[in-house]
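See below for the structure under consideration.
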Amino acid sequence: MSVDSIVDIAGRVTRGEASAREIATDAVRRMKAGAELGAFISVLEDELLAEATAVDERRARGEALGPLAGVPVAVKDAICTRGVRTTAGSRALEGWVAPYDAHVVSRLRAAGAVVCGKTNMDEFAMGSSNENSAFFPAKNPHDPTRAPGGSSGGSAVAVAAEMAPASLGSDTGGSIRQPAALTGIVGVKPSYGRVSRFGLVAFASSLDQIGPFAGDVRGAARVLGVIAGHDPRDMTCRALEAVDFEAACGRDVSGLRLGVPEEYFAEGLDAEVETRVREAIAALEARGCKVAPVHLPHTKHAVATYYVIATAEASSNLSRYDGVRYGLRVEPQGGLAAMYGATRDAAFGKEVKRRILLGTYVLSAGHYDAYYAKAQRVRTLIARDFDAAFAEVDAIVCPTSPTPAFPLGERTRDPLSMYLSDVYTLPASLAGVPAVSVPCAPTAAGLPVGLQIVTRRDDEATALALAAAWEADRGPLPRARGAVT
(Lines give C-alpha, C1' and ligand atoms only; values in the text may rest on other atoms or scores of the structure.)
Protein backbone atom coordinates (compact mmCIF):
# COMPACT_ATOMS: atom_id res chain seq x y z
CA MET A 1 0.00 0.00 0.00
CA SER A 2 1.23 3.50 -0.80
CA VAL A 3 -0.17 6.92 -0.12
CA ASP A 4 -1.36 7.44 -3.71
CA SER A 5 -3.01 4.07 -4.26
CA ILE A 6 -6.71 4.62 -3.49
CA VAL A 7 -7.80 3.71 -7.01
CA ASP A 8 -5.39 0.75 -7.15
CA ILE A 9 -6.50 -0.67 -3.80
CA ALA A 10 -10.19 -0.50 -4.68
CA GLY A 11 -9.52 -2.05 -8.08
CA ARG A 12 -7.47 -4.94 -6.71
CA VAL A 13 -9.99 -5.74 -3.98
CA THR A 14 -12.89 -5.59 -6.43
CA ARG A 15 -11.12 -7.92 -8.88
CA GLY A 16 -10.10 -10.32 -6.12
CA GLU A 17 -6.38 -9.66 -6.62
CA ALA A 18 -6.00 -8.63 -2.97
CA SER A 19 -8.08 -9.17 0.12
CA ALA A 20 -9.38 -6.25 2.11
CA ARG A 21 -8.17 -7.97 5.28
CA GLU A 22 -4.59 -8.17 3.97
CA ILE A 23 -4.66 -4.47 3.18
CA ALA A 24 -6.19 -3.69 6.58
CA THR A 25 -3.56 -5.77 8.37
CA ASP A 26 -0.83 -3.82 6.60
CA ALA A 27 -2.55 -0.56 7.55
CA VAL A 28 -2.48 -1.60 11.22
CA ARG A 29 1.24 -2.32 10.94
CA ARG A 30 1.85 1.06 9.35
CA MET A 31 -0.14 2.98 11.94
CA LYS A 32 1.76 1.29 14.76
CA ALA A 33 5.12 1.81 13.04
CA GLY A 34 4.42 5.52 12.62
CA ALA A 35 3.06 6.07 16.12
CA GLU A 36 5.82 8.54 17.04
CA LEU A 37 4.41 11.01 14.50
CA GLY A 38 1.26 11.40 16.61
CA ALA A 39 -1.19 11.12 13.72
CA PHE A 40 -3.78 9.02 15.56
CA ILE A 41 -5.70 9.52 18.78
CA SER A 42 -7.33 6.09 18.33
CA VAL A 43 -6.15 3.19 16.15
CA LEU A 44 -9.20 1.03 15.43
CA GLU A 45 -7.46 -2.29 14.88
CA ASP A 46 -10.31 -4.64 15.80
CA GLU A 47 -12.98 -2.60 14.05
CA LEU A 48 -10.82 -2.21 10.94
CA LEU A 49 -10.12 -5.93 10.60
CA ALA A 50 -13.79 -6.79 11.15
CA GLU A 51 -14.93 -4.30 8.51
CA ALA A 52 -12.31 -5.54 6.05
CA THR A 53 -13.38 -9.15 6.59
CA ALA A 54 -16.97 -8.12 5.85
CA VAL A 55 -15.84 -6.58 2.55
CA ASP A 56 -14.12 -9.83 1.58
CA GLU A 57 -17.23 -11.80 2.49
CA ARG A 58 -19.40 -9.59 0.29
CA ARG A 59 -17.03 -10.12 -2.61
CA ALA A 60 -17.08 -13.90 -2.01
CA ARG A 61 -20.88 -13.83 -2.22
CA GLY A 62 -20.68 -12.02 -5.54
CA GLU A 63 -22.10 -8.77 -4.22
CA ALA A 64 -21.16 -5.52 -5.90
CA LEU A 65 -18.49 -3.55 -4.06
CA GLY A 66 -18.30 0.21 -3.93
CA PRO A 67 -15.72 2.62 -5.37
CA LEU A 68 -13.67 2.52 -2.15
CA ALA A 69 -13.74 -1.25 -1.68
CA GLY A 70 -11.26 -2.20 1.03
CA VAL A 71 -9.63 1.25 1.19
CA PRO A 72 -8.53 2.19 4.73
CA VAL A 73 -9.65 5.74 5.54
CA ALA A 74 -8.55 7.70 8.60
CA VAL A 75 -11.17 10.03 10.06
CA LYS A 76 -10.57 13.28 11.92
CA ASP A 77 -11.57 12.92 15.56
CA ALA A 78 -14.19 15.64 15.22
CA ILE A 79 -16.26 13.36 12.96
CA CYS A 80 -18.54 10.91 14.76
CA THR A 81 -17.96 7.18 14.37
CA ARG A 82 -20.51 4.88 15.97
CA GLY A 83 -19.28 2.95 18.99
CA VAL A 84 -15.87 4.66 18.98
CA ARG A 85 -14.75 7.60 21.10
CA THR A 86 -14.80 10.95 19.34
CA THR A 87 -12.79 13.49 21.31
CA ALA A 88 -12.44 16.52 19.00
CA GLY A 89 -8.93 16.68 20.44
CA SER A 90 -10.29 17.88 23.78
CA ARG A 91 -10.41 16.71 27.39
CA ALA A 92 -14.06 17.78 27.28
CA LEU A 93 -14.89 14.72 25.15
CA GLU A 94 -12.00 12.45 26.08
CA GLY A 95 -14.26 9.55 27.05
CA TRP A 96 -17.27 10.28 24.86
CA VAL A 97 -18.35 7.45 22.55
CA ALA A 98 -20.41 8.52 19.55
CA PRO A 99 -23.79 6.72 19.34
CA TYR A 100 -24.05 7.20 15.57
CA ASP A 101 -21.99 7.63 12.41
CA ALA A 102 -21.60 11.01 10.79
CA HIS A 103 -23.21 11.16 7.35
CA VAL A 104 -19.82 11.10 5.65
CA VAL A 105 -18.77 8.00 7.60
CA SER A 106 -21.97 6.24 6.56
CA ARG A 107 -21.20 7.14 2.95
CA LEU A 108 -17.65 5.80 3.27
CA ARG A 109 -18.86 2.50 4.68
CA ALA A 110 -21.53 2.17 1.98
CA ALA A 111 -18.78 2.66 -0.63
CA GLY A 112 -16.76 -0.21 0.85
CA ALA A 113 -14.19 1.86 2.74
CA VAL A 114 -12.95 0.69 6.13
CA VAL A 115 -12.28 3.19 8.93
CA CYS A 116 -8.77 2.61 10.27
CA GLY A 117 -8.48 5.23 13.02
CA LYS A 118 -9.40 8.62 14.46
CA THR A 119 -6.83 11.28 13.77
CA ASN A 120 -5.21 13.91 15.94
CA MET A 121 -6.30 17.53 15.68
CA ASP A 122 -6.19 20.93 17.32
CA GLU A 123 -8.77 21.05 20.10
CA PHE A 124 -12.23 21.65 18.62
CA ALA A 125 -10.45 22.42 15.32
CA MET A 126 -9.00 25.66 16.70
CA GLY A 127 -5.42 25.92 15.52
CA SER A 128 -3.03 25.85 12.60
CA SER A 129 -0.27 23.54 13.83
CA ASN A 130 -1.91 20.63 15.70
CA GLU A 131 -0.12 21.83 18.83
CA ASN A 132 -3.44 22.67 20.48
CA SER A 133 -4.40 18.99 20.75
CA ALA A 134 -5.19 18.15 24.37
CA PHE A 135 -3.24 14.90 24.00
CA PHE A 136 -0.02 15.35 22.00
CA PRO A 137 1.13 17.23 18.90
CA ALA A 138 1.31 15.60 15.51
CA LYS A 139 4.66 15.87 13.72
CA ASN A 140 5.44 16.56 10.09
CA PRO A 141 6.80 13.39 8.41
CA HIS A 142 9.07 15.51 6.19
CA ASP A 143 10.79 16.88 9.32
CA PRO A 144 9.49 15.74 12.73
CA THR A 145 10.74 18.94 14.35
CA ARG A 146 8.19 20.89 12.30
CA ALA A 147 4.42 21.26 12.52
CA PRO A 148 2.16 19.47 10.02
CA GLY A 149 -0.35 22.31 10.03
CA GLY A 150 -3.83 22.22 11.46
CA SER A 151 -6.37 21.79 12.59
CA SER A 152 -6.58 18.53 10.60
CA GLY A 153 -2.89 17.82 11.12
CA GLY A 154 -3.29 14.18 12.09
CA SER A 155 -5.33 13.41 8.97
CA ALA A 156 -2.63 14.99 6.81
CA VAL A 157 0.19 13.14 8.59
CA ALA A 158 -1.61 9.80 8.24
CA VAL A 159 -1.62 10.16 4.45
CA ALA A 160 1.75 11.89 4.03
CA ALA A 161 3.49 9.24 6.16
CA GLU A 162 1.72 6.49 4.18
CA MET A 163 -0.16 5.07 7.14
CA ALA A 164 -3.47 5.43 5.28
CA PRO A 165 -4.18 6.09 1.60
CA ALA A 166 -7.01 8.52 2.40
CA SER A 167 -8.38 10.54 5.28
CA LEU A 168 -11.12 12.99 6.11
CA GLY A 169 -10.63 16.39 7.70
CA SER A 170 -12.71 19.47 8.30
CA ASP A 171 -11.92 22.91 6.97
CA THR A 172 -13.22 26.04 8.70
CA GLY A 173 -10.58 28.55 7.65
CA GLY A 174 -7.96 26.36 5.98
CA SER A 175 -7.77 23.26 8.16
CA ILE A 176 -7.60 20.86 5.22
CA ARG A 177 -5.68 22.96 2.70
CA GLN A 178 -2.94 24.30 4.99
CA PRO A 179 -1.87 20.91 6.43
CA ALA A 180 -2.09 19.40 2.95
CA ALA A 181 0.35 22.06 1.74
CA LEU A 182 2.72 21.64 4.68
CA THR A 183 2.85 17.83 4.36
CA GLY A 184 2.92 17.56 0.57
CA ILE A 185 -0.41 15.92 -0.22
CA VAL A 186 -3.73 16.83 -1.84
CA GLY A 187 -6.49 18.41 0.24
CA VAL A 188 -9.94 19.50 -0.91
CA LYS A 189 -12.28 22.01 0.74
CA PRO A 190 -15.63 21.59 -1.02
CA SER A 191 -18.12 24.39 -1.55
CA TYR A 192 -20.08 25.17 1.59
CA GLY A 193 -23.11 22.87 1.56
CA ARG A 194 -21.66 20.31 -0.87
CA VAL A 195 -20.96 17.79 1.94
CA SER A 196 -23.16 17.16 4.97
CA ARG A 197 -21.92 18.38 8.36
CA PHE A 198 -24.20 15.95 10.23
CA GLY A 199 -22.05 14.26 12.85
CA LEU A 200 -19.26 16.85 12.75
CA VAL A 201 -18.43 18.38 16.13
CA ALA A 202 -19.14 22.03 15.39
CA PHE A 203 -16.62 24.87 15.55
CA ALA A 204 -18.09 27.62 13.34
CA SER A 205 -21.22 26.32 11.66
CA SER A 206 -21.35 28.83 8.80
CA LEU A 207 -17.80 27.90 7.78
CA ASP A 208 -17.18 24.24 8.70
CA GLN A 209 -16.93 21.82 5.78
CA ILE A 210 -15.70 18.21 5.58
CA GLY A 211 -13.33 17.17 2.80
CA PRO A 212 -10.73 14.56 1.78
CA PHE A 213 -6.97 14.19 1.91
CA ALA A 214 -5.17 11.87 -0.51
CA GLY A 215 -1.78 11.31 -2.05
CA ASP A 216 -3.01 12.15 -5.54
CA VAL A 217 -5.76 14.23 -7.11
CA ARG A 218 -7.71 11.33 -8.60
CA GLY A 219 -7.91 9.60 -5.23
CA ALA A 220 -9.12 12.78 -3.54
CA ALA A 221 -11.72 13.22 -6.28
CA ARG A 222 -13.00 9.68 -5.77
CA VAL A 223 -13.41 10.18 -2.03
CA LEU A 224 -15.13 13.54 -2.59
CA GLY A 225 -17.56 11.86 -4.97
CA VAL A 226 -18.45 9.36 -2.26
CA ILE A 227 -19.03 11.81 0.61
CA ALA A 228 -20.79 14.56 -1.39
CA GLY A 229 -24.55 14.58 -1.67
CA HIS A 230 -27.70 15.94 -0.08
CA ASP A 231 -28.51 15.07 3.52
CA PRO A 232 -31.74 16.47 5.00
CA ARG A 233 -30.27 16.19 8.51
CA ASP A 234 -28.00 19.15 7.70
CA MET A 235 -30.11 22.16 6.78
CA THR A 236 -27.13 23.81 5.06
CA CYS A 237 -26.45 20.77 2.83
CA ARG A 238 -27.80 21.59 -0.61
CA ALA A 239 -29.44 19.27 -3.15
CA LEU A 240 -26.94 19.62 -5.99
CA GLU A 241 -26.65 17.73 -9.24
CA ALA A 242 -24.25 14.80 -8.90
CA VAL A 243 -20.82 15.41 -10.43
CA ASP A 244 -18.26 12.82 -11.57
CA PHE A 245 -15.29 14.45 -9.88
CA GLU A 246 -12.93 11.65 -10.85
CA ALA A 247 -13.75 12.04 -14.54
CA ALA A 248 -12.96 15.75 -14.22
CA CYS A 249 -9.35 14.81 -13.46
CA GLY A 250 -8.86 13.89 -17.11
CA ARG A 251 -10.35 17.04 -18.58
CA ASP A 252 -8.42 19.22 -21.02
CA VAL A 253 -7.60 22.48 -19.24
CA SER A 254 -6.33 24.43 -22.25
CA GLY A 255 -8.20 27.67 -22.68
CA LEU A 256 -9.13 28.00 -19.02
CA ARG A 257 -8.57 31.49 -17.64
CA LEU A 258 -6.45 31.63 -14.49
CA GLY A 259 -6.38 34.64 -12.22
CA VAL A 260 -3.31 35.46 -10.13
CA PRO A 261 -4.32 37.67 -7.17
CA GLU A 262 -1.71 40.32 -6.50
CA GLU A 263 -2.82 40.50 -2.87
CA TYR A 264 -1.54 36.93 -2.32
CA PHE A 265 1.96 37.71 -3.62
CA ALA A 266 2.88 40.44 -1.18
CA GLU A 267 4.86 41.00 2.00
CA GLY A 268 5.04 37.93 4.20
CA LEU A 269 5.23 35.38 1.38
CA ASP A 270 8.31 33.17 1.59
CA ALA A 271 10.53 33.61 -1.49
CA GLU A 272 10.87 29.88 -2.19
CA VAL A 273 7.12 29.38 -1.84
CA GLU A 274 6.52 32.15 -4.38
CA THR A 275 9.04 30.63 -6.80
CA ARG A 276 7.50 27.15 -6.63
CA VAL A 277 3.95 28.44 -7.00
CA ARG A 278 4.86 30.61 -9.99
CA GLU A 279 6.56 27.58 -11.58
CA ALA A 280 3.29 25.67 -11.29
CA ILE A 281 1.32 28.56 -12.77
CA ALA A 282 3.79 28.76 -15.66
CA ALA A 283 3.35 25.04 -16.32
CA LEU A 284 -0.41 25.47 -16.54
CA GLU A 285 0.09 28.42 -18.88
CA ALA A 286 2.29 26.19 -21.05
CA ARG A 287 -0.65 23.77 -21.23
CA GLY A 288 -2.73 26.48 -22.84
CA CYS A 289 -4.30 28.18 -19.84
CA LYS A 290 -4.59 31.95 -20.05
CA VAL A 291 -3.05 33.73 -17.07
CA ALA A 292 -3.97 37.26 -15.98
CA PRO A 293 -3.86 39.30 -12.77
CA VAL A 294 -7.01 39.66 -10.68
CA HIS A 295 -7.79 41.71 -7.61
CA LEU A 296 -9.35 40.61 -4.33
CA PRO A 297 -9.17 43.98 -2.58
CA HIS A 298 -10.77 42.96 0.72
CA THR A 299 -8.25 40.16 1.33
CA LYS A 300 -6.48 42.41 3.84
CA HIS A 301 -9.55 42.23 6.09
CA ALA A 302 -10.01 38.44 5.91
CA VAL A 303 -8.07 37.49 9.04
CA ALA A 304 -9.88 39.98 11.27
CA THR A 305 -13.24 39.13 9.74
CA TYR A 306 -12.75 35.42 10.18
CA TYR A 307 -11.63 35.65 13.79
CA VAL A 308 -14.67 37.71 14.71
CA ILE A 309 -17.21 35.45 12.98
CA ALA A 310 -15.61 32.10 13.81
CA THR A 311 -15.05 32.89 17.48
CA ALA A 312 -18.59 34.22 17.83
CA GLU A 313 -20.00 30.98 16.47
CA ALA A 314 -17.59 28.93 18.58
CA SER A 315 -18.65 30.68 21.78
CA SER A 316 -22.21 29.59 21.04
CA ASN A 317 -21.43 26.07 19.85
CA LEU A 318 -19.15 25.25 22.77
CA SER A 319 -21.64 26.40 25.40
CA ARG A 320 -23.10 22.88 25.31
CA TYR A 321 -20.03 21.45 27.05
CA ASP A 322 -21.09 22.22 30.60
CA GLY A 323 -20.87 18.80 32.26
CA VAL A 324 -24.63 18.21 32.33
CA ARG A 325 -25.44 15.89 29.43
CA TYR A 326 -22.16 14.43 28.21
CA GLY A 327 -18.42 14.81 28.32
CA LEU A 328 -16.22 15.78 31.23
CA ARG A 329 -17.88 16.77 34.51
CA VAL A 330 -16.12 18.33 37.49
CA GLU A 331 -18.24 18.52 40.65
CA PRO A 332 -16.79 20.93 43.20
CA GLN A 333 -18.62 22.28 46.23
CA GLY A 334 -20.93 25.17 45.46
CA GLY A 335 -23.78 23.83 43.35
CA LEU A 336 -24.64 23.96 39.65
CA ALA A 337 -22.93 27.25 38.78
CA ALA A 338 -19.71 26.07 40.36
CA MET A 339 -19.93 22.83 38.38
CA TYR A 340 -20.34 24.75 35.12
CA GLY A 341 -17.30 26.89 35.80
CA ALA A 342 -15.06 24.12 37.08
CA THR A 343 -16.02 21.77 34.24
CA ARG A 344 -15.35 24.29 31.49
CA ASP A 345 -12.11 25.41 33.11
CA ALA A 346 -10.83 21.83 33.23
CA ALA A 347 -12.26 20.81 29.85
CA PHE A 348 -10.86 23.51 27.57
CA GLY A 349 -7.29 24.39 26.65
CA LYS A 350 -5.82 27.88 26.50
CA GLU A 351 -6.57 28.57 22.82
CA VAL A 352 -10.17 27.39 23.07
CA LYS A 353 -10.71 29.60 26.12
CA ARG A 354 -9.17 32.54 24.27
CA ARG A 355 -11.57 32.12 21.36
CA ILE A 356 -14.64 31.61 23.56
CA LEU A 357 -13.82 34.84 25.40
CA LEU A 358 -13.25 36.72 22.14
CA GLY A 359 -16.47 35.37 20.65
CA THR A 360 -18.49 36.24 23.72
CA TYR A 361 -17.04 39.76 23.67
CA VAL A 362 -17.91 40.48 20.03
CA LEU A 363 -21.47 39.20 20.53
CA SER A 364 -22.09 41.26 23.67
CA ALA A 365 -24.66 44.04 23.55
CA GLY A 366 -22.11 46.82 23.65
CA HIS A 367 -19.90 45.44 20.88
CA TYR A 368 -22.18 43.47 18.52
CA ASP A 369 -22.57 46.25 15.95
CA ALA A 370 -18.96 47.38 16.15
CA TYR A 371 -17.52 43.91 15.58
CA TYR A 372 -19.85 41.05 14.64
CA ALA A 373 -22.29 42.92 12.43
CA LYS A 374 -19.44 44.75 10.72
CA ALA A 375 -17.56 41.49 10.15
CA GLN A 376 -20.61 40.00 8.45
CA ARG A 377 -20.77 42.98 6.11
CA VAL A 378 -17.08 42.60 5.26
CA ARG A 379 -17.65 38.89 4.65
CA THR A 380 -20.19 39.86 2.00
CA LEU A 381 -17.63 42.18 0.39
CA ILE A 382 -15.05 39.36 0.31
CA ALA A 383 -17.59 37.08 -1.38
CA ARG A 384 -18.34 39.81 -3.93
CA ASP A 385 -14.61 40.12 -4.65
CA PHE A 386 -14.63 36.47 -5.71
CA ASP A 387 -17.81 36.94 -7.76
CA ALA A 388 -16.18 39.83 -9.62
CA ALA A 389 -12.99 37.85 -10.21
CA PHE A 390 -14.89 34.82 -11.49
CA ALA A 391 -16.68 37.01 -14.01
CA GLU A 392 -13.25 37.35 -15.65
CA VAL A 393 -11.49 34.04 -14.90
CA ASP A 394 -12.34 30.36 -14.37
CA ALA A 395 -10.00 29.78 -11.43
CA ILE A 396 -7.75 31.65 -9.04
CA VAL A 397 -4.26 30.23 -8.47
CA CYS A 398 -2.11 31.23 -5.52
CA PRO A 399 -0.08 29.85 -2.61
CA THR A 400 -1.90 27.77 -0.01
CA SER A 401 0.38 28.84 2.84
CA PRO A 402 2.74 31.83 3.01
CA THR A 403 5.56 29.64 4.38
CA PRO A 404 6.64 26.01 4.40
CA ALA A 405 6.21 23.99 7.61
CA PHE A 406 7.46 25.93 10.63
CA PRO A 407 9.24 24.50 13.69
CA LEU A 408 7.09 23.11 16.49
CA GLY A 409 6.78 25.70 19.24
CA GLU A 410 7.77 28.64 17.03
CA ARG A 411 4.33 30.27 16.92
CA THR A 412 2.57 28.98 20.02
CA ARG A 413 3.49 32.03 22.11
CA ASP A 414 2.28 34.49 19.48
CA PRO A 415 -1.36 33.85 18.52
CA LEU A 416 -1.29 36.48 15.76
CA SER A 417 1.61 34.83 13.93
CA MET A 418 -0.27 31.52 14.15
CA TYR A 419 -3.47 33.11 12.84
CA LEU A 420 -1.56 34.55 9.86
CA SER A 421 -0.66 30.99 8.81
CA ASP A 422 -4.13 30.85 7.22
CA VAL A 423 -4.06 34.24 5.53
CA TYR A 424 -4.40 32.71 2.02
CA THR A 425 -7.02 30.10 2.90
CA LEU A 426 -9.45 32.23 4.92
CA PRO A 427 -10.96 34.24 2.02
CA ALA A 428 -12.27 31.17 0.17
CA SER A 429 -13.79 29.90 3.42
CA LEU A 430 -15.54 33.20 4.07
CA ALA A 431 -16.88 33.19 0.49
CA GLY A 432 -18.00 29.54 0.66
CA VAL A 433 -16.22 28.64 -2.58
CA PRO A 434 -14.26 25.41 -3.22
CA ALA A 435 -10.48 25.20 -3.11
CA VAL A 436 -7.88 22.49 -3.65
CA SER A 437 -4.30 22.38 -2.39
CA VAL A 438 -1.95 20.34 -4.59
CA PRO A 439 1.80 19.97 -4.02
CA CYS A 440 4.35 21.98 -5.97
CA ALA A 441 8.01 21.04 -6.14
CA PRO A 442 9.58 21.17 -2.65
CA THR A 443 11.96 23.81 -1.32
CA ALA A 444 15.73 23.35 -1.38
CA ALA A 445 15.46 21.95 2.16
CA GLY A 446 12.93 19.37 0.98
CA LEU A 447 9.88 21.00 2.57
CA PRO A 448 6.55 20.79 0.72
CA VAL A 449 4.85 23.76 -0.92
CA GLY A 450 1.18 23.91 -1.89
CA LEU A 451 -0.54 25.46 -4.90
CA GLN A 452 -4.09 26.55 -4.05
CA ILE A 453 -6.71 26.47 -6.82
CA VAL A 454 -9.96 28.29 -6.05
CA THR A 455 -13.01 28.10 -8.31
CA ARG A 456 -16.60 29.27 -8.48
CA ARG A 457 -19.08 27.97 -5.96
CA ASP A 458 -20.01 24.34 -6.79
CA ASP A 459 -17.29 24.05 -9.46
CA GLU A 460 -14.95 21.65 -7.67
CA ALA A 461 -14.58 19.83 -10.99
CA THR A 462 -12.55 22.63 -12.60
CA ALA A 463 -10.28 22.92 -9.56
CA LEU A 464 -9.65 19.16 -9.66
CA ALA A 465 -9.02 19.22 -13.42
CA LEU A 466 -6.38 21.93 -13.03
CA ALA A 467 -4.83 20.18 -10.03
CA ALA A 468 -4.61 16.91 -11.94
CA ALA A 469 -3.06 18.64 -14.95
CA TRP A 470 -0.38 20.27 -12.81
CA GLU A 471 0.22 16.99 -10.96
CA ALA A 472 0.84 15.21 -14.27
CA ASP A 473 3.29 17.88 -15.42
CA ARG A 474 5.08 18.01 -12.06
CA GLY A 475 5.68 14.27 -11.89
CA PRO A 476 6.39 12.16 -8.79
CA LEU A 477 7.55 13.80 -5.58
CA PRO A 478 10.10 12.39 -3.13
CA ARG A 479 8.59 10.40 -0.28
CA ALA A 480 8.48 12.02 3.13
CA ARG A 481 11.59 11.17 5.13
CA GLY A 482 9.39 9.88 7.93
CA ALA A 483 7.10 7.82 5.71
CA VAL A 484 6.42 4.30 6.96
CA THR A 485 7.89 1.49 4.87
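Numbering starts fresh at 1 for the residues of each chain in the C-alpha coordinates, the chains themselves are lettered A, B, ... in the order given, and ligands are numbered from 1 as they appear.
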Neighbour list for Gly127 in chain A as a PyMOL selection string, cut-off 9 Å, only C-alpha atoms, skip fewer than 4 positions in-chain: chain A and resi 121-123+131-133+149-152+175+351+418-419
Which residues, written as a list in words, have at least one atom at most 9 Å from range 373-382 of chain A, with only C-alpha atoms counted and residues fewer than 5 positions away on the same chain left out? Leu296, Pro297, His298, Thr299, His301, Ala302, Ala304, Thr305, Tyr306, Val308, Ile309, Leu363, Tyr368, Asp387, Pro427, Ala428, Leu430 and Ala431 of chain A
Compile the contact shell of range 208-219 of chain A as JSON, numbers by chain: residues with an atom at most 9 Å away, counting only C-alpha atoms, same-chain residues fewer than 5 positions apart removed. {"A": [2, 3, 4, 5, 6, 7, 79, 104, 155, 156, 159, 160, 162, 164, 165, 166, 167, 168, 169, 170, 171, 172, 173, 176, 177, 180, 184, 185, 186, 187, 188, 189, 190, 191, 192, 193, 194, 195, 196, 197, 200, 202, 203, 224, 227, 228, 245, 246, 247, 248, 249, 250, 429, 438, 464, 465, 467, 468, 471]}
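With CA of Glu274 in chain A on one side and CA of Thr183 in chain A on the other, the separation reads 17.2 Å.
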Let me make sure I understand: among A:Thr81, A:Thr236, A:Thr412, A:Thr343, which one has the smallest atom-to-atom distance to Ser106 in chain A if we use only C-alpha atoms?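 Result for the nearest residue to Ser106 in chain A: A:Thr81.
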Between A:Val273, A:Met126, A:Ala69, A:Ala239, which residue has the minimum interatomic distance to Lys350 in chain A, considering only C-alpha atoms?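 Nearest to Lys350 in chain A: A:Met126.
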Nearest to Thr485 in chain A, chosen from A:Thr145, A:Met163, A:Arg325, A:Ile9, with only C-alpha atoms counted in the distances: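 Checking each of A:Thr145, A:Met163, A:Arg325, A:Ile9 against Thr485 in chain A, counting only C-alpha atoms, the winner is A:Met163.
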